[in-house]
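Novice: Structure below; questions to follow.
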Amino acid sequence: MTLASNNDNFVSKNEIRAQFSQAMSAMYREEVPAYGELMELVADTNASVLERDDSLRSQLSQSNGLDRITEERHGAIRVGTEKELFTLRRLFAVMGMEPVSYYDLAVAGIAVHSTAFRPVAESDLNVNPFRVFTSLLRLELIEDEDLRAAAQEVLDNREIFTTAALNLIERAEKQGGLNGEDATQFVTEALETFRWHNKANVDLSLYKKLHDEHRLIADIVSFHGPHINHLTPRTLDIDAVQVGMPKRGIDPKAVIEGPPQRDCPILLRQTSFKALEEKVLFKADNELWDEGSHTARFGEIEQRGIALTPKGRTLYDTLLDDTRARVRAGEGTYQDLLVESFKAFPDTYGELRAEGLAFFRYSLSDKGEEIARSVGISGSLDGLLEAGLLRMDPIIYEDFLPVSAAGIFQSNLGDGGAEVVYSNPSQQSFEQALGAKVWDELALYAELEQASLKACLARLSEKALKQDADIAA
């Protein structure tokens with residue numbers, strides 16, 4: 001793919017991001033062959049859904065979401081130091097990706113906290129909605145001082161970025177962008193940060209100690225860099241994919257993470273195939289290597305639904321908490337109780353809007369366009385919707401759920417290893433390491449909803465206001 005430059009001789013950030021996501025997908029497909037089979041399953045499932053569901057096809061077309069389904073991906077990486085996180089923010093900024101939201105996974109027994117780098121503007125998301133869920137190890141949560149010090153020494157002595165990548169990041173920051181040649185080289189060099197290496201940075205003894213503390217800590221500390229752990233396509237029917245995986249020789253995890261199946265999908269549902277046990281060489285004496293194995297990389301699939309308002313998120317969290325409490329009380333299985341609990345969550349778009357539980361994008365209907373061109377009109381949102389002048393479409397959730405992320409992590413790091421409960425979430429310390437504030441996802445959705453409504457109302461009243469002005473003149 002040849003990158004075209006703009007009038008300033010710089011390649012757009014959207015184009016750099018698109019080429020990077022395609023290059024990463026090709027690399028991961030080569031490293032993990034089952035990923036290719038998974039992509040084919042998702043593509044077949046999506047085509048089948050769109051063929052039978054005209055309403056969904058219309059909804060996606062209206063929001064410019066139909067074209068992006070095929071290209072949509074999110075990756076996940078884990079870094080070990082604040083310096084690595086700080087530089088990653090700079091690297092992703094070259095591709096137009098900003099840190100959105102803070103996620104504390106420590107409460108789920110995982111010693112990391114996270115953000116998601118992604119485009120922020122809707123227009124940029126529609127060009128290429130690539131996201132990377134990025135976690136920072138919290139070494140301070142490891143109680144064993146000797147183990148903590150040993151891990152810190154390993155991390156301090158590694159460099160996860162190539163010299164050329166660092167130089168190009170600096171050049172992009174100073175110039176305000178990259179030209180075509182530099183952009184192509186940047187993608188090549190940046191990709192090296194996320195490549196899998198089968199030679200560990202530690203000996204087998206230290207690896208086992210890290211693994212016994214927590215499997216994810218071993219994954220972060222023991223290797224050359226933050227290899228991409230999964231690259232997730234978006235499906236329109238995750239239940240069909242879950243059923244279809246075994247038929248293609250893919251072993252799925254037991255349950256789908258997130259809310260239960262609904263007529264109106266909300267937030268995010270995720271599943272995956274189980275992580276690969278891969279041969280790894282560990283450092284030994286006299287520049288020799290000990291053979292061992294490591295379990296880390298897996299294939300994940302996601303289905304995205306409508307973004308929820310603060311009120312909607314509160315209801316969602318309450319129903320999750322109620323489900324867990326009932327499971328602890330022995331009232332039934334988690335999945336059965338989850339379905340029962342979520343009967344309390346409205347499952348039509350009309351109810352979701354009326355109760356202020358979800359975010360919507362507003363646009364003029366054909367009738368509304370005709371009114372706007374002819375006489376113009378004003379009125380309340382409810383009245384305009386009832387009159388058929390406006391249509392509403394769900395604003396798709398672009399972000400992540402900490403409980404679901406933890407569930408995916410835990411189910412794909414292999415058996416064994418201590419399940420440690422950590423605490424003390426700290427967004428302030430994370431942002432300090434990041435070198436920037438994270439965006440508030442709820443504020444972004446609210447802004448998008450209001451902007452769409454404001455544009456509709458202005459368009460509807462434009463003709464009437466002009467007529468009033470002509471009369472006054």
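Residue names in the structure tokens use chain letters A, B, ... in the order shown, residue numbers from 1 in each chain, and ligand numbers from 1 in the order shown.
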Assign secondary structure with DSSP using the backbone only, and return the residues of region 18-240 of chain A in alpha helix (DSSP H) as a VMD selection string.
Specialist: chain A and resid 18 to 31 33 to 52 54 to 62 82 to 94 122 to 127 145 to 156 163 to 175 180 to 192 204 to 213 215 to 221 238 to 240
Novice: Distance table requested - region 27-79 of chain A against region 120-138 of chain A, cut-off 6 Å, only C-alpha atoms: one row per qualifying residue with the closest atom pair and its distance in Å to one decimal, ordered by chain and rising residue number, as JSON lines.
Specialist:
{"residue": "A:Glu72", "atom": "CA", "partner": "A:Pro129", "partner_atom": "CA", "distance": 5.8}
{"residue": "A:Arg73", "atom": "CA", "partner": "A:Phe130", "partner_atom": "CA", "distance": 5.4}
{"residue": "A:His74", "atom": "CA", "partner": "A:Arg131", "partner_atom": "CA", "distance": 4.5}
{"residue": "A:Gly75", "atom": "CA", "partner": "A:Val132", "partner_atom": "CA", "distance": 4.6}
{"residue": "A:Ala76", "atom": "CA", "partner": "A:Phe133", "partner_atom": "CA", "distance": 4.6}
{"residue": "A:Ile77", "atom": "CA", "partner": "A:Thr134", "partner_atom": "CA", "distance": 5.1}
{"residue": "A:Arg78", "atom": "CA", "partner": "A:Ser135", "partner_atom": "CA", "distance": 4.6}
{"residue": "A:Val79", "atom": "CA", "partner": "A:Leu136", "partner_atom": "CA", "distance": 5.1}
Novice: Write out as a ChimeraX atom specification the residues lying within 10 Å of Asp336 (chain A), counting only C-alpha atoms and excluding same-chain residues fewer than 4 positions away.
Specialist: /A:260,323,327,331-332,340-341
Novice: I want to know what sits within 6 Å of region 391-405 of chain A, based on only C-alpha atoms, with residues of the same chain fewer than 2 positions away left out; could you give that as a list in words?
Specialist: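 Close residues of region 391-405 of chain A: Tyr103, Glu257, Gly258, Leu267, Gly305, Ile306, Ala307, Phe359, Phe360, Arg361, Tyr362, Ser363, Ser365, Gly407 and Ile408 of chain A.
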Novice: Leaving out Thr188 (chain A) and any residue of its chain fewer than 2 positions from it, which residues lie within 12 Å of it when counting only C-alpha atoms, given as a list in words?
Specialist: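 Answer for this query is Ile16, Gln19, Phe20, Ser21, Gln22, Ala23, Met24, Met27, Phe161, Thr162, Ala164, Ala165, Leu168, Glu181, Asp182, Ala183, Thr184, Gln185, Phe186, Ala190, Leu191, Glu192, Thr193, Phe194 and Arg195 of chain A.
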Novice: For Leu381 (chain A), which residue out of A:Gly292, A:Leu147, A:Ile266, A:Leu453 is the nearest one, using only C-alpha atoms?
Specialist: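 Using only C-alpha atoms, the shortest distance to Leu381 (chain A) belongs to A:Leu453.
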Novice: Based on the backbone DSSP call, show me all residues of region 214-385 of chain A assigned strand (DSSP E), as a PDB file with C-alpha atoms, in the first residue's frame.
Specialist:
ATOM      1  CA  HIS A 230      -4.441 -10.857  20.569  1.00  0.00           C
ATOM      2  CA  LEU A 231      -5.860  -8.971  17.599  1.00  0.00           C
ATOM      3  CA  THR A 232      -9.615  -8.836  17.797  1.00  0.00           C
ATOM      4  CA  PRO A 233     -12.066  -8.629  14.876  1.00  0.00           C
ATOM      5  CA  LEU A 268     -19.225  -5.047  24.636  1.00  0.00           C
ATOM      6  CA  ARG A 269     -19.302  -8.835  24.532  1.00  0.00           C
ATOM      7  CA  GLN A 270     -16.081 -10.821  24.086  1.00  0.00           C
ATOM      8  CA  THR A 271     -14.943 -14.389  23.651  1.00  0.00           C
ATOM      9  CA  SER A 272     -11.723 -16.026  22.464  1.00  0.00           C
ATOM     10  CA  PHE A 273     -10.008 -19.232  21.547  1.00  0.00           C
ATOM     11  CA  GLU A 277       1.258 -23.108  24.672  1.00  0.00           C
ATOM     12  CA  GLU A 278       4.385 -22.050  22.834  1.00  0.00           C
ATOM     13  CA  LYS A 279       7.964 -23.305  23.023  1.00  0.00           C
ATOM     14  CA  VAL A 280      10.302 -20.780  24.618  1.00  0.00           C
ATOM     15  CA  LEU A 281      14.053 -20.768  25.189  1.00  0.00           C
ATOM     16  CA  PHE A 282      15.193 -19.459  28.566  1.00  0.00           C
ATOM     17  CA  LYS A 283      18.649 -18.148  29.384  1.00  0.00           C
ATOM     18  CA  TRP A 289      19.393 -22.054  26.477  1.00  0.00           C
ATOM     19  CA  ASP A 290      16.909 -24.136  28.463  1.00  0.00           C
ATOM     20  CA  GLU A 291      13.786 -25.245  26.611  1.00  0.00           C
ATOM     21  CA  GLY A 292      10.435 -24.504  28.192  1.00  0.00           C
ATOM     22  CA  SER A 293       6.997 -23.186  27.302  1.00  0.00           C
ATOM     23  CA  HIS A 294       4.815 -20.136  27.821  1.00  0.00           C
ATOM     24  CA  THR A 295       1.096 -19.507  27.411  1.00  0.00           C
ATOM     25  CA  GLY A 299      -7.584 -15.180  19.467  1.00  0.00           C
ATOM     26  CA  GLU A 300     -10.323 -12.864  20.688  1.00  0.00           C
ATOM     27  CA  ILE A 301     -13.616 -11.828  19.080  1.00  0.00           C
ATOM     28  CA  GLU A 302     -15.892  -8.980  20.103  1.00  0.00           C
ATOM     29  CA  GLN A 303     -19.413  -7.752  19.451  1.00  0.00           C
ATOM     30  CA  ARG A 304     -20.074  -4.091  20.127  1.00  0.00           C
ATOM     31  CA  PHE A 360     -27.978   7.942  20.209  1.00  0.00           C
ATOM     32  CA  ARG A 361     -26.967   9.657  16.993  1.00  0.00           C
ATOM     33  CA  TYR A 362     -29.740  11.741  15.433  1.00  0.00           C
ATOM     34  CA  SER A 363     -30.235  12.450  11.747  1.00  0.00           C
ATOM     35  CA  LEU A 364     -33.033  13.755   9.537  1.00  0.00           C
TER      36      LEU A 364
END
Novice: For each of A:Val11, A:Asp44, A:Gly180, A:Arg373, take the minimum atom-to-atom distance to Ala240 (chain A), counting only C-alpha atoms, then give the residue where this is smallest.
Specialist: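 Of all the options, A:Asp44 lies closest to Ala240 (chain A).
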Novice: If we count only C-alpha atoms, what is near Gln428 (chain A) at a cut-off of 10 Å, once residues fewer than 5 positions away on the same chain are taken out, given as a ChimeraX atom specification?
Specialist: /A:102,433-434,437
Novice: Mind giving me the straight-line distance from CA of Pro99 (chain A) to CA of Glu159 (chain A) in Å, one decimal?
Specialist: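 Computing it gives 22.0 Å between the two atoms.
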Novice: Which residues, written as an mmCIF file with N, CA and C atoms, in the first residue's frame, have at least one atom at most 7 Å from Gly312 (chain A), with only C-alpha atoms counted and residues fewer than 3 positions away on the same chain left out?
Specialist:
data_model
loop_
_atom_site.group_PDB
_atom_site.id
_atom_site.type_symbol
_atom_site.label_atom_id
_atom_site.label_comp_id
_atom_site.auth_asym_id
_atom_site.auth_seq_id
_atom_site.Cartn_x
_atom_site.Cartn_y
_atom_site.Cartn_z
ATOM 1 N N LEU A 308 -23.593 3.251 26.729
ATOM 2 C CA LEU A 308 -24.533 3.597 27.794
ATOM 3 C C LEU A 308 -24.159 4.915 28.457
ATOM 4 N N THR A 309 -25.188 5.642 28.885
ATOM 5 C CA THR A 309 -25.005 6.882 29.639
ATOM 6 C C THR A 309 -24.549 6.539 31.056
ATOM 7 N N LEU A 315 -26.865 1.197 36.137
ATOM 8 C CA LEU A 315 -27.784 0.055 36.119
ATOM 9 C C LEU A 315 -27.045 -1.213 35.719
ATOM 10 N N TYR A 316 -26.182 -1.123 34.727
ATOM 11 C CA TYR A 316 -25.395 -2.274 34.276
ATOM 12 C C TYR A 316 -24.553 -2.827 35.424
ATOM 13 N N LEU A 357 -30.827 5.834 29.182
ATOM 14 C CA LEU A 357 -29.850 4.796 29.504
ATOM 15 C C LEU A 357 -28.749 4.648 28.459
ATOM 16 N N ALA A 358 -28.947 5.210 27.264
ATOM 17 C CA ALA A 358 -27.987 4.981 26.182
ATOM 18 C C ALA A 358 -27.873 6.222 25.306
#
Novice: CA of Leu457 (chain A) and CA of Gly379 (chain A), how far apart in Å?
Specialist: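 A separation of 8.4 Å between them.
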Novice: Would you mind reading off the distance between CA of Ile142 (chain A) and CA of Asp156 (chain A), one decimal, in Å?
Specialist: 16.7 Å
Novice: Counting only C-alpha atoms, which of A:Ile220, A:Val107, A:Leu444, A:Leu88 gets nearest to Leu166 (chain A)?
Specialist: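 The closest residue to Leu166 (chain A) is A:Leu88.
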